[in-house]
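Heads up, the thing below is written out as structure tokens.
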Amino acid sequence: MEKELPPPTIQQSLTVEMEKELPLPTIQQSLTVEMEKELPMPTVQKSSTVEMEKELPLPTIQQSLKVEGSELPKRSIMTRPGFGTSGRRVSLLANHFKVSIKNPNEIFYQYSVSISYEDNMAVDNKVIGRKVIDKLYQTYSSELAEKRFAYDGEKSMFTVGPLPQNKLEFTVILEESTAKGSGSPSNNGCSTEPSKRSKHTLQSKTFKVEISYAAKIPLKSLSLALKGAETEYVQDALRVLDIILRQQAAKRGCLLVRQSFFHDDSRMFTDVGGGVTGIRGLNSSFRPTLDGLSLNMDVSTTMILKPGPVVDFLLANQNVKDLRYIDWVKAKKMLKNMRIKAIHSNKEFKIIGLSEKPCNQQFFSLKVKNGSNTGGSDETLEITVYEYFVTHRNIEIKSSAYMPCLDVGKPKRPNYLPLELCSLVSLQRYTKALSVIQRSSLVEKSRQKPPERIQVVTDAMTKYKYDEDPLLASCGISIEKQLTRIDGRVLEAPKLKFGNNEDFLPRNGRWNFNNKKLLKAQRIQEWALVNFSGRCETSHLSRELINCGRNKGIEIERPYTIIEEDPQCRRFSPVVRVEKMFEHIMAKLPGPPEFLLCVLPERKNCDIYGPWKKKCLSDMGIVTQCISPIKITDQYLTNVLLKINSKLGGTNSLLAIEHSNRIPLITDQPTMILGMDVSHGSPGRSDVPSVAAVVGSRSWPLISKYRAAVRTQSAKMEMIESLFKPLANGLDDDGIMRELLLDFYKSSNGRKPTRIIVFRDGVSESQFAQVINIELDQMIKAYQHLGESDIPKFTVIVAQKNHHTKLFQASAPENVPCGTVVDTKIVHPRNYDFYMCAQAGLIGTSRPAHYHVLLDEIGFSPDQLQNLIHSLSYVYQRSTAAISIVAPVCYAHLAAQQMGQFMKFEDLSETSSGQNSVTETGSIPVPEMPRLHKDVAGSMFFC
């Protein structure tokens, strides 16, 4: 649309690029960055339009708008304005179990707990901590007035009613049975017990426990909150109830991961390769709902190390068949901090590293008695680990004699065990990022159809009898054993518009382009095909793509050239391979192509992907599509063409109401839609910056066209830091919002947004206030920084995917129909939220999106907002199905992921451009992400 605008409108736009082309008198009257520095600083005269701004003297930031220092009013999360009524009624079940409280006047007392060893060193092991507290109750129950308590495994303990005193101190002795004469070789020597049978002895450890009063948490606060009141202790009361359930699971020997717990049951294991296993467990949490308190129970999955011999784990983890091929540098890094059990002694240890030499060459000092009687003097022998186990322990060492030993001692006191005598303890979490193959395997193997999922959670409620817990029973808490029955509504699918003015009504949330044309197909003239893989017949691929495109309305010329990578180049690094490929491209083409189709050697996890995308999108400004076809079919090529057409500025389909400019509350005033997401590095990688992406709609009144703005920020930071980013001179703004606002203005025929709808992904309920106070403030300041005084009206919605509410049809245990929305019974008693399942659940159990409306200044009715959100699940240009969450959120996620690939293959210091942002705490520089080339910055490159 930008190319179709008349020149006068373009000259009035606020883009820096266009200002440079304007004649001097116009530049002096406009808000250019260059002239701001030279203009006088008079008092502010606020204007509401760009046209008026040209006639006004430019105010200073500090004296007038006070963007940086201004304190905008604090906002509260809005309450529910009403309920939706549109759609056909449907009876549903939800995995919520109704909770009744007979004694709401009970009070939880919170106590701080400090556990230390005899030498006053704090105990930081949760397993030991729980054992100490269990022993404390057994030993001193009378001193505690027989009070049962819930312990969180760390620093807090809760009771119903007070303990006898506000401060108590106890000494607790834990006794553990250990095998005598069954140790391992260490620098301190080892027992030389001749008997093959180990003798057991009791080892005791003494702990000091201090308990001191911290706070009262009235259970009544929960009852008031369920009636819609704002009360202070609601989250605390819910936390206590959740801790009680966690304590039950801990006593059953479960692995606890936040609100989930996992039993050591091999029937729940799913091998995903690489020595990693998925384990299925349960997630439980108490939730306040419109229908009262409920217990949300769901199936949960986490990753653990596959229990068994360490040797087997290493072979699987490195995908080799023989220990001779193990990379021991990788193995050392992988094994560190894992817990193992020594097969010969049945004792547990933690791995701190590997021995420097193989088992048969690693010496240590062994003290032995000299002589047969006890009066003999000690003698120190230098002996290998191998010799010790074979000679002194009568244990044969076979496969690992020539391999490093595991070091299970202390940093300065090594303690060596041969690999083959060690086995990984069960229920050890695996927290590293999964490979693409592992993730695909996990998804495939952990799917559950609705009947199976219903059966698992209802069986758990019957089996574990949660409400028989003494603490819950003392509060009069009882929990129903049946799923909650609720009413839902099924919204009608929006009609779509294809090419040749064809209308289509999707069925079951799906459609296709068989015998259909794309709405606005881009012609592809100057393009090339490059092949990094020898497995693809590129000439055949090119012909089939051209034929498929013709059938869909895309005119594709023959490629200017097809370039096959020289096999000799495959030994080079990915960056070098990409550079050499571009040397060939530029040598064979008369100029940069408008489009490049790239065939990669591997699917999804190819190391060429990042360097190729950076070279095309950042350095050259060329639209590109990467593929790795296993089989070239019409359906595959159609899906590829949907992405290519979108990236080149075409439109695959539109909503019929969008095409005819009849979207309620969107088409009557300029409205901008934002999708916001933050992508974080792999677990444990605190050195990798997070990537914040915001997509903004463009070419109003369309709601299917978007542009992305992406920035790096502090690692693991969830709040977006660069929405408004004033530079050192105080005049310029390098923030995300400025980029998107100017693009909206330029692409929407010179109209500025008077309404902005924000969809925020990835934040939890505890961060809602920050979204509408910190992030929204930054958006407003960015708008003000452009010289605007009339602030747009905002509607802010959080879209959550990672929750545990599931919906089922009541008539049959099946997935709910696409378009199902629920805004009664299981929703929040006060806040404005609802569940929506826009997609068709064909495999496994559907997960509805959970939308929280934090602010609605625009004034949507519940039906209007729910229908808009439902419609935004149908505008995802790279799909022919309704998606589970609104398209702007998906686009933001894709943009963050794709731009994040720019950083993966480079040294972080090399990507820094010198303008580093700073963390909230002060000083850690965050490397700047390479910016998109101006020729592709406005494209939907992320499709």
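By order in the structure tokens, chains are A, B, ...; within a chain, residues start at 1; ligands start at 1, following the order shown.
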**Asked** Can you list, as a ChimeraX atom specification, every residue of stretch 70-244 of chain A that DSSP puts in strand (DSSP E)?
**Response** /A:88-94,96-101,107-117,149-151,156-160,167-180,199-218
**Message:** Need to verify the contact set: A:Leu596, 12 Å, only C-alpha atoms, exclusion of same-chain residues closer than 3 positions in sequence. Can you return it as a PyMOL selection string?
**Reply:** chain A and resi 524-531+542+559-563+581-582+585+589+592-593+599+612-613+615-617+620-627+644+647-648
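Considering the residues A:Tyr464, A:Phe363, A:Tyr783, A:Phe349 and counting only C-alpha atoms, A:Val425 has its shortest atom-to-atom contact with A:Phe349.
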**Request:** Find the residues around stretch 273-290 of chain A up to 6 Å (only C-alpha atoms counted), leave out those fewer than 5 positions away in its own chain, and share them as number ranges by chain.
**Result:** A: 242, 259-262, 268, 295-306, 313, 316-317, 825-829
Writing out the chosen residues with N, CA and C atoms as a CSV table (one decimal), in the first residue's frame:
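Output below, filename result_27.csv:
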```
chain,number,residue,atom,x,y,z
A,242,ASP,N,-1.7,-25.3,48.6
A,242,ASP,CA,-0.9,-26.0,47.6
A,242,ASP,C,0.3,-26.7,48.3
A,259,GLN,N,4.3,-27.0,40.9
A,259,GLN,CA,3.0,-27.5,41.4
A,259,GLN,C,2.8,-28.9,40.9
A,260,SER,N,3.8,-29.5,40.3
A,260,SER,CA,3.7,-30.9,39.8
A,260,SER,C,4.4,-31.9,40.6
A,261,PHE,N,4.0,-33.2,40.6
A,261,PHE,CA,4.7,-34.2,41.3
A,261,PHE,C,4.7,-35.5,40.5
A,262,PHE,N,5.8,-36.2,40.6
A,262,PHE,CA,6.0,-37.4,39.7
A,262,PHE,C,6.5,-38.6,40.6
A,268,MET,N,5.2,-44.8,33.9
A,268,MET,CA,5.0,-43.4,33.5
A,268,MET,C,6.1,-42.8,32.7
A,295,LEU,N,-10.1,-27.3,42.9
A,295,LEU,CA,-8.8,-27.9,42.8
A,295,LEU,C,-8.6,-28.3,41.3
A,296,ASN,N,-7.7,-27.7,40.7
A,296,ASN,CA,-7.4,-27.9,39.2
A,296,ASN,C,-6.3,-29.1,39.2
A,297,MET,N,-6.8,-30.2,38.6
A,297,MET,CA,-5.9,-31.4,38.5
A,297,MET,C,-5.6,-31.7,37.0
A,298,ASP,N,-4.4,-31.9,36.7
A,298,ASP,CA,-4.1,-32.1,35.3
A,298,ASP,C,-2.9,-33.1,35.1
A,299,VAL,N,-2.8,-33.7,34.0
A,299,VAL,CA,-1.6,-34.5,33.7
A,299,VAL,C,-0.4,-33.6,33.4
A,300,SER,N,0.8,-33.9,33.9
A,300,SER,CA,1.9,-33.0,33.7
A,300,SER,C,3.1,-33.9,33.3
A,301,THR,N,4.0,-33.3,32.5
A,301,THR,CA,5.2,-34.1,32.1
A,301,THR,C,6.5,-33.3,32.3
A,302,THR,N,7.5,-33.9,32.8
A,302,THR,CA,8.8,-33.3,32.9
A,302,THR,C,9.9,-34.2,32.4
A,303,MET,N,11.1,-33.8,32.3
A,303,MET,CA,12.2,-34.6,31.8
A,303,MET,C,13.1,-35.0,32.9
A,304,ILE,N,13.5,-36.3,32.9
A,304,ILE,CA,14.4,-36.8,33.9
A,304,ILE,C,15.5,-37.6,33.1
A,305,LEU,N,16.6,-37.8,33.8
A,305,LEU,CA,17.7,-38.7,33.3
A,305,LEU,C,17.2,-40.1,33.4
A,306,LYS,N,17.5,-40.8,32.3
A,306,LYS,CA,17.0,-42.2,32.3
A,306,LYS,C,17.8,-43.0,33.3
A,313,PHE,N,23.9,-44.6,29.8
A,313,PHE,CA,23.5,-43.2,29.6
A,313,PHE,C,24.5,-42.5,28.7
A,316,ALA,N,24.0,-43.5,25.1
A,316,ALA,CA,22.7,-43.0,24.5
A,316,ALA,C,22.9,-41.5,24.3
A,317,ASN,N,23.5,-40.8,25.3
A,317,ASN,CA,23.6,-39.3,25.2
A,317,ASN,C,24.4,-38.9,24.1
A,825,LYS,N,-18.4,-19.9,35.7
A,825,LYS,CA,-18.0,-21.0,36.7
A,825,LYS,C,-16.6,-21.1,37.0
A,826,ILE,N,-15.7,-21.5,36.0
A,826,ILE,CA,-14.3,-21.8,36.3
A,826,ILE,C,-13.4,-20.6,36.1
A,827,VAL,N,-14.0,-19.5,35.7
A,827,VAL,CA,-13.2,-18.3,35.6
A,827,VAL,C,-13.0,-17.5,36.9
A,828,HIS,N,-12.2,-16.5,36.9
A,828,HIS,CA,-11.9,-15.8,38.1
A,828,HIS,C,-13.1,-15.1,38.7
A,829,PRO,N,-13.2,-15.1,40.0
A,829,PRO,CA,-14.4,-14.6,40.7
A,829,PRO,C,-14.6,-13.0,40.5
```
